[in-house]
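Chemist: One file: structure-v1.cif (mmCIF, C-alpha atoms).
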data_query
loop_
_atom_site.group_PDB
_atom_site.id
_atom_site.type_symbol
_atom_site.label_atom_id
_atom_site.label_comp_id
_atom_site.auth_asym_id
_atom_site.auth_seq_id
_atom_site.Cartn_x
_atom_site.Cartn_y
_atom_site.Cartn_z
ATOM 1 C CA MET A 1 -13.094 -6.740 -0.320
ATOM 2 C CA ILE A 2 -11.755 -5.007 -3.418
ATOM 3 C CA THR A 3 -11.303 -6.876 -6.694
ATOM 4 C CA THR A 4 -9.539 -5.966 -9.908
ATOM 5 C CA GLU A 5 -9.047 -7.893 -13.113
ATOM 6 C CA ARG A 6 -6.266 -10.015 -11.593
ATOM 7 C CA LEU A 7 -6.327 -9.295 -7.849
ATOM 8 C CA ARG A 8 -8.438 -9.538 -4.718
ATOM 9 C CA LEU A 9 -7.671 -7.332 -1.710
ATOM 10 C CA ARG A 10 -8.940 -8.249 1.751
ATOM 11 C CA PRO A 11 -8.240 -6.757 5.179
ATOM 12 C CA LEU A 12 -5.139 -8.120 6.872
ATOM 13 C CA THR A 13 -5.663 -9.893 10.202
ATOM 14 C CA GLU A 14 -3.426 -11.316 12.884
ATOM 15 C CA ALA A 15 -3.858 -14.702 11.183
ATOM 16 C CA ASP A 16 -1.562 -13.333 8.425
ATOM 17 C CA ALA A 17 1.425 -13.025 10.800
ATOM 18 C CA ASP A 18 3.476 -15.948 9.454
ATOM 19 C CA TRP A 19 2.965 -14.779 5.869
ATOM 20 C CA TRP A 20 3.893 -11.197 6.901
ATOM 21 C CA VAL A 21 7.172 -12.427 8.415
ATOM 22 C CA ARG A 22 7.988 -14.409 5.235
ATOM 23 C CA LEU A 23 7.204 -11.424 2.972
ATOM 24 C CA HIS A 24 9.493 -9.133 4.959
ATOM 25 C CA ALA A 25 12.274 -11.728 5.366
ATOM 26 C CA ASP A 26 13.571 -11.086 1.803
ATOM 27 C CA ASN A 27 16.404 -8.544 2.020
ATOM 28 C CA GLU A 28 15.346 -6.899 -1.239
ATOM 29 C CA VAL A 29 11.764 -6.520 0.016
ATOM 30 C CA ASN A 30 12.649 -5.309 3.515
ATOM 31 C CA ARG A 31 15.303 -2.867 2.319
ATOM 32 C CA PHE A 32 12.777 -0.038 2.568
ATOM 33 C CA VAL A 33 10.086 -1.456 4.874
ATOM 34 C CA GLY A 34 12.046 -3.467 7.452
ATOM 35 C CA SER A 35 11.767 -7.020 8.684
ATOM 36 C CA TYR A 36 9.619 -8.476 11.460
ATOM 37 C CA THR A 37 9.767 -11.170 14.082
ATOM 38 C CA ARG A 38 6.593 -13.206 14.615
ATOM 39 C CA GLU A 39 5.764 -11.105 17.682
ATOM 40 C CA GLN A 40 6.380 -7.813 15.858
ATOM 41 C CA ALA A 41 4.241 -8.975 12.940
ATOM 42 C CA ALA A 42 1.382 -9.966 15.247
ATOM 43 C CA ALA A 43 1.541 -6.566 16.979
ATOM 44 C CA ARG A 44 1.599 -4.693 13.649
ATOM 45 C CA LEU A 45 -1.336 -6.727 12.364
ATOM 46 C CA ARG A 46 -3.312 -6.027 15.559
ATOM 47 C CA ASP A 47 -2.685 -2.300 14.921
ATOM 48 C CA ILE A 48 -3.929 -2.733 11.353
ATOM 49 C CA GLN A 49 -7.073 -4.513 12.572
ATOM 50 C CA GLN A 50 -7.647 -1.708 15.081
ATOM 51 C CA GLN A 51 -7.344 0.869 12.289
ATOM 52 C CA TRP A 52 -9.960 -1.033 10.272
ATOM 53 C CA THR A 53 -12.285 -0.873 13.280
ATOM 54 C CA GLN A 54 -11.627 2.780 14.132
ATOM 55 C CA ARG A 55 -11.209 4.369 10.704
ATOM 56 C CA GLY A 56 -12.902 1.960 8.298
ATOM 57 C CA HIS A 57 -9.725 1.359 6.315
ATOM 58 C CA GLY A 58 -6.319 -0.238 6.644
ATOM 59 C CA LEU A 59 -3.821 -2.432 4.874
ATOM 60 C CA CYS A 60 -4.969 -5.368 2.768
ATOM 61 C CA ALA A 61 -3.507 -8.669 1.724
ATOM 62 C CA VAL A 62 -3.280 -8.805 -2.066
ATOM 63 C CA GLU A 63 -4.194 -12.176 -3.540
ATOM 64 C CA LEU A 64 -4.172 -13.479 -7.089
ATOM 65 C CA ARG A 65 -7.797 -13.999 -8.094
ATOM 66 C CA GLY A 66 -7.000 -17.093 -10.097
ATOM 67 C CA THR A 67 -5.199 -18.996 -7.335
ATOM 68 C CA GLY A 68 -5.846 -17.170 -4.039
ATOM 69 C CA GLN A 69 -2.078 -16.926 -3.471
ATOM 70 C CA THR A 70 -1.162 -13.954 -1.274
ATOM 71 C CA ILE A 71 1.503 -11.977 -3.145
ATOM 72 C CA GLY A 72 1.734 -8.680 -1.293
ATOM 73 C CA ARG A 73 0.036 -5.973 0.677
ATOM 74 C CA CYS A 74 -1.539 -2.677 -0.291
ATOM 75 C CA GLY A 75 -3.911 -0.326 1.433
ATOM 76 C CA LEU A 76 -4.399 2.804 3.467
ATOM 77 C CA ASN A 77 -2.610 3.724 6.679
ATOM 78 C CA TRP A 78 -3.476 6.667 8.942
ATOM 79 C CA TRP A 79 -0.443 8.512 10.316
ATOM 80 C CA GLU A 80 -1.505 10.424 13.431
ATOM 81 C CA GLN A 81 1.732 12.461 13.596
ATOM 82 C CA PHE A 82 1.192 13.770 10.054
ATOM 83 C CA GLY A 83 -2.609 13.891 10.074
ATOM 84 C CA GLU A 84 -2.517 12.062 6.733
ATOM 85 C CA THR A 85 -3.827 8.907 5.116
ATOM 86 C CA GLU A 86 -1.073 7.157 3.195
ATOM 87 C CA ILE A 87 -1.291 4.463 0.560
ATOM 88 C CA GLY A 88 1.390 1.814 0.699
ATOM 89 C CA TRP A 89 2.320 -1.304 -1.229
ATOM 90 C CA THR A 90 4.817 -4.115 -0.741
ATOM 91 C CA PHE A 91 5.011 -7.238 -2.894
ATOM 92 C CA ALA A 92 7.014 -10.457 -2.821
ATOM 93 C CA ARG A 93 9.997 -10.141 -5.126
ATOM 94 C CA THR A 94 8.789 -13.011 -7.346
ATOM 95 C CA HIS A 95 5.810 -10.805 -8.240
ATOM 96 C CA TRP A 96 7.676 -7.586 -9.067
ATOM 97 C CA ARG A 97 7.503 -5.990 -12.531
ATOM 98 C CA ARG A 98 4.074 -7.411 -13.381
ATOM 99 C CA GLY A 99 2.018 -4.296 -12.695
ATOM 100 C CA TYR A 100 0.449 -5.670 -9.514
ATOM 101 C CA ALA A 101 1.436 -2.684 -7.340
ATOM 102 C CA THR A 102 -0.061 -0.205 -9.795
ATOM 103 C CA GLU A 103 -3.215 -2.300 -10.281
ATOM 104 C CA ALA A 104 -3.788 -2.768 -6.541
ATOM 105 C CA ALA A 105 -2.995 0.871 -5.744
ATOM 106 C CA GLN A 106 -5.381 2.179 -8.427
ATOM 107 C CA ALA A 107 -8.182 0.146 -6.845
ATOM 108 C CA VAL A 108 -7.294 1.355 -3.349
ATOM 109 C CA LEU A 109 -7.171 4.972 -4.531
ATOM 110 C CA ALA A 110 -10.589 4.639 -6.178
ATOM 111 C CA TRP A 111 -11.969 3.195 -2.949
ATOM 112 C CA GLY A 112 -10.317 5.894 -0.824
ATOM 113 C CA PHE A 113 -11.469 8.800 -2.962
ATOM 114 C CA ASN A 114 -14.884 7.522 -4.058
ATOM 115 C CA SER A 115 -16.185 5.400 -1.171
ATOM 116 C CA LEU A 116 -14.301 6.918 1.772
ATOM 117 C CA GLU A 117 -14.388 10.434 0.259
ATOM 118 C CA LEU A 118 -10.812 11.237 1.277
ATOM 119 C CA LYS A 119 -9.622 14.596 -0.026
ATOM 120 C CA GLN A 120 -5.938 13.673 -0.333
ATOM 121 C CA ILE A 121 -3.833 10.531 -0.081
ATOM 122 C CA THR A 122 -0.081 10.549 0.404
ATOM 123 C CA ALA A 123 2.621 8.020 -0.449
ATOM 124 C CA MET A 124 5.718 8.101 1.766
ATOM 125 C CA ILE A 125 8.600 6.657 -0.208
ATOM 126 C CA HIS A 126 12.070 6.197 1.224
ATOM 127 C CA HIS A 127 14.952 7.678 -0.737
ATOM 128 C CA GLY A 128 16.386 5.213 -3.231
ATOM 129 C CA ASN A 129 13.152 3.276 -3.711
ATOM 130 C CA THR A 130 12.965 4.075 -7.414
ATOM 131 C CA ALA A 131 10.423 1.331 -8.177
ATOM 132 C CA SER A 132 7.873 2.720 -5.700
ATOM 133 C CA SER A 133 8.560 6.277 -6.863
ATOM 134 C CA ALA A 134 7.782 5.163 -10.418
ATOM 135 C CA VAL A 135 4.523 3.528 -9.290
ATOM 136 C CA ALA A 136 3.512 6.702 -7.433
ATOM 137 C CA GLN A 137 4.220 8.856 -10.481
ATOM 138 C CA ARG A 138 2.281 6.475 -12.768
ATOM 139 C CA LEU A 139 -0.670 6.859 -10.411
ATOM 140 C CA GLY A 140 -0.515 10.665 -10.670
ATOM 141 C CA PHE A 141 1.235 11.469 -7.379
ATOM 142 C CA THR A 142 3.542 14.484 -7.225
ATOM 143 C CA PRO A 143 6.160 15.334 -4.580
ATOM 144 C CA LEU A 144 4.711 17.248 -1.631
ATOM 145 C CA ARG A 145 7.640 17.483 0.825
ATOM 146 C CA GLU A 146 10.727 15.813 2.215
ATOM 147 C CA ASP A 147 10.271 14.207 5.626
ATOM 148 C CA THR A 148 11.471 11.451 7.941
ATOM 149 C CA VAL A 149 9.433 8.265 8.380
ATOM 150 C CA LEU A 150 10.537 5.426 10.633
ATOM 151 C CA ASN A 151 13.819 7.288 11.208
ATOM 152 C CA ARG A 152 14.658 7.366 7.485
ATOM 153 C CA PRO A 153 14.441 10.213 4.981
ATOM 154 C CA CYS A 154 11.641 9.978 2.448
ATOM 155 C CA THR A 155 9.803 11.940 -0.179
ATOM 156 C CA VAL A 156 6.138 12.374 0.615
ATOM 157 C CA TYR A 157 4.070 12.316 -2.566
ATOM 158 C CA ALA A 158 0.447 13.463 -2.659
ATOM 159 C CA LEU A 159 -2.590 12.979 -4.835
ATOM 160 C CA ALA A 160 -5.764 15.032 -4.401
ATOM 161 C CA ARG A 161 -9.197 13.546 -5.060
ATOM 162 C CA ASP A 162 -9.815 16.260 -7.686
ATOM 163 C CA ASP A 163 -6.706 15.095 -9.572
ATOM 164 C CA PHE A 164 -7.630 11.400 -9.520
ATOM 165 C CA PRO A 165 -9.248 10.451 -12.816
ATOM 166 C CA SER A 166 -12.692 8.936 -12.601
ATOM 167 C CA PRO A 167 -13.018 5.499 -14.257
ATOM 168 C CA ASP A 168 -14.556 6.947 -17.425
ATOM 169 C CA LYS A 169 -11.567 9.302 -17.871
ATOM 170 C CA ARG A 170 -8.926 6.577 -17.525
ATOM 171 C CA ARG A 171 -7.225 5.184 -20.542
ATOM 172 C CA PRO A 172 -8.669 1.781 -21.446
ATOM 173 C CA ARG A 173 -6.418 -1.257 -20.985
ATOM 174 C CA GLN A 174 -4.553 -2.252 -24.102
#
Could the structure of this file be written out as structure tokens, please?
Modeler:
Amino acid sequence: MITTERLRLRPLTEADADWWVRLHADNEVNRFVGSYTREQAAARLRDIQQQWTQRGHGLCAVELRGTGQTIGRCGLNWWEQFGETEIGWTFARTHWRRGYATEAAQAVLAWGFNSLELKQITAMIHHGNTASSAVAQRLGFTPLREDTVLNRPCTVYALARDDFPSPDKRRPRQ
């Protein structure tokens, strides 16, 4: 489990399937990440659980520490076809523009670089997803290449461990 000032991140499990379907049912949310039936969600969550078992990382449910409400997902995903570990984030629309994606992603990056000792983490962002591109740039990611993910064009951003600021180099919260 990863905690931040406002958030708690825990591994997603198949028990999260109904919540996953609800999150992705919003047309503004699923515009870039797609929607899921209950069966598709259960299958995706089984894949995520398998990744946790095999690789020691995966996607997490993001909960508000104060209430325990699940508000989104963030974590690491291994893409076999690219040979890359990607960070991803998706939040319920009612929780957009509050800094949760950046806060959760910073914690996941610190975990990936410091605990898992990954050398590079990518962020695959579909064209037109300006909010996620802004989050990636705030985190220090830079464009690496153009590619196709899930049959849609995207920009693949990258961040190297050497370019990720250690906690003592980060600007303190205001």
Chemist: From the options A:Phe91, A:Phe141, A:Phe113, A:Tyr100, which residue's atoms come nearest to Leu7 in chain A, counting only C-alpha atoms?
Modeler: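 Of A:Phe91, A:Phe141, A:Phe113, A:Tyr100, the one nearest Leu7 in chain A, counting only C-alpha atoms, is A:Tyr100.
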Chemist: Run the PyMOL selection byres ((chain A and resi 50-67) around 9) on the file and write out the hits as a VMD selection string.
Modeler: chain A and resid 1 3 to 13 16 45 to 49 68 to 78 87 to 89 91 100 104 112 116
Chemist: Taking the file above as input, evaluate the PyMOL selection byres ((chain A and resi 145) around 7) and report the hits as a ChimeraX atom specification.
Modeler: /A:143-144,146-147,155-156
Chemist: Can you pull out the residues contacting Glu84 in chain A? Cut-off 12 Å, using all atoms listed in the file, and skip same-chain residues under 4 positions away; I want them as a list in words.
Modeler: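 The neighbour list is Leu76, Asn77, Trp78, Trp79, Glu80, Leu118, Lys119, Gln120, Ile121, Thr122, Ala123, Met124, Val156, Tyr157, Ala158, Leu159 and Ala160 of chain A.
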Chemist: Take the residues from that selection and write them out as a tab-separated table (two decimals), in the frame of the given file, keeping C-alpha atoms.
Modeler:
chain	number	residue	atom	x	y	z
A	76	LEU	CA	-4.40	2.80	3.47
A	77	ASN	CA	-2.61	3.72	6.68
A	78	TRP	CA	-3.48	6.67	8.94
A	79	TRP	CA	-0.44	8.51	10.32
A	80	GLU	CA	-1.50	10.42	13.43
A	118	LEU	CA	-10.81	11.24	1.28
A	119	LYS	CA	-9.62	14.60	-0.03
A	120	GLN	CA	-5.94	13.67	-0.33
A	121	ILE	CA	-3.83	10.53	-0.08
A	122	THR	CA	-0.08	10.55	0.40
A	123	ALA	CA	2.62	8.02	-0.45
A	124	MET	CA	5.72	8.10	1.77
A	156	VAL	CA	6.14	12.37	0.62
A	157	TYR	CA	4.07	12.32	-2.57
A	158	ALA	CA	0.45	13.46	-2.66
A	159	LEU	CA	-2.59	12.98	-4.84
A	160	ALA	CA	-5.76	15.03	-4.40
Chemist: Where does the PyMOL selection byres ((chain A and resi 24) around 9) land in this file, that is, which residues does it pick, as a list in words?
Modeler: Trp19, Trp20, Val21, Arg22, Leu23, Ala25, Asp26, Asn27, Glu28, Val29, Asn30, Arg31, Val33, Gly34, Ser35, Tyr36, Thr90 and Ala92 of chain A
Chemist: Go ahead and write the selection's residues with C-alpha atoms as a short mmCIF file (atom, residue, chain, number, x, y, z; two decimals), keeping the file's coordinate frame.
Modeler:
data_model
loop_
_atom_site.label_atom_id
_atom_site.label_comp_id
_atom_site.auth_asym_id
_atom_site.auth_seq_id
_atom_site.Cartn_x
_atom_site.Cartn_y
_atom_site.Cartn_z
CA TRP A 19 2.96 -14.78 5.87
CA TRP A 20 3.89 -11.20 6.90
CA VAL A 21 7.17 -12.43 8.41
CA ARG A 22 7.99 -14.41 5.24
CA LEU A 23 7.20 -11.42 2.97
CA ALA A 25 12.27 -11.73 5.37
CA ASP A 26 13.57 -11.09 1.80
CA ASN A 27 16.40 -8.54 2.02
CA GLU A 28 15.35 -6.90 -1.24
CA VAL A 29 11.76 -6.52 0.02
CA ASN A 30 12.65 -5.31 3.52
CA ARG A 31 15.30 -2.87 2.32
CA VAL A 33 10.09 -1.46 4.87
CA GLY A 34 12.05 -3.47 7.45
CA SER A 35 11.77 -7.02 8.68
CA TYR A 36 9.62 -8.48 11.46
CA THR A 90 4.82 -4.12 -0.74
CA ALA A 92 7.01 -10.46 -2.82
#
Chemist: Quick one, how far is CA of Arg152 in chain A from CA of Arg44 in chain A?
Modeler: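 A separation of 18.8 Å between them.
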Chemist: Give me, please, the distance in Å between CA of Ser115 in chain A and CA of Ala42 in chain A, quoted to one decimal.
Modeler: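 We find that CA of Ser115 in chain A and CA of Ala42 in chain A lie 28.5 Å from each other.
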Chemist: Please report, as lines of an AutoDock Vina configuration file, the centre and edge lengths in Å to one decimal of an axis-aligned box covering all listed atoms of range 21-25 of chain A with 3 Å per side.
Modeler:
center_x = 9.7
center_y = -11.8
center_z = 5.7
size_x = 11.1
size_y = 11.3
size_z = 11.4
Chemist: May I ask for the distance between CA of Asp163 in chain A and CA of Gln81 in chain A, given in Å to one decimal place?
Modeler: 24.8 Å
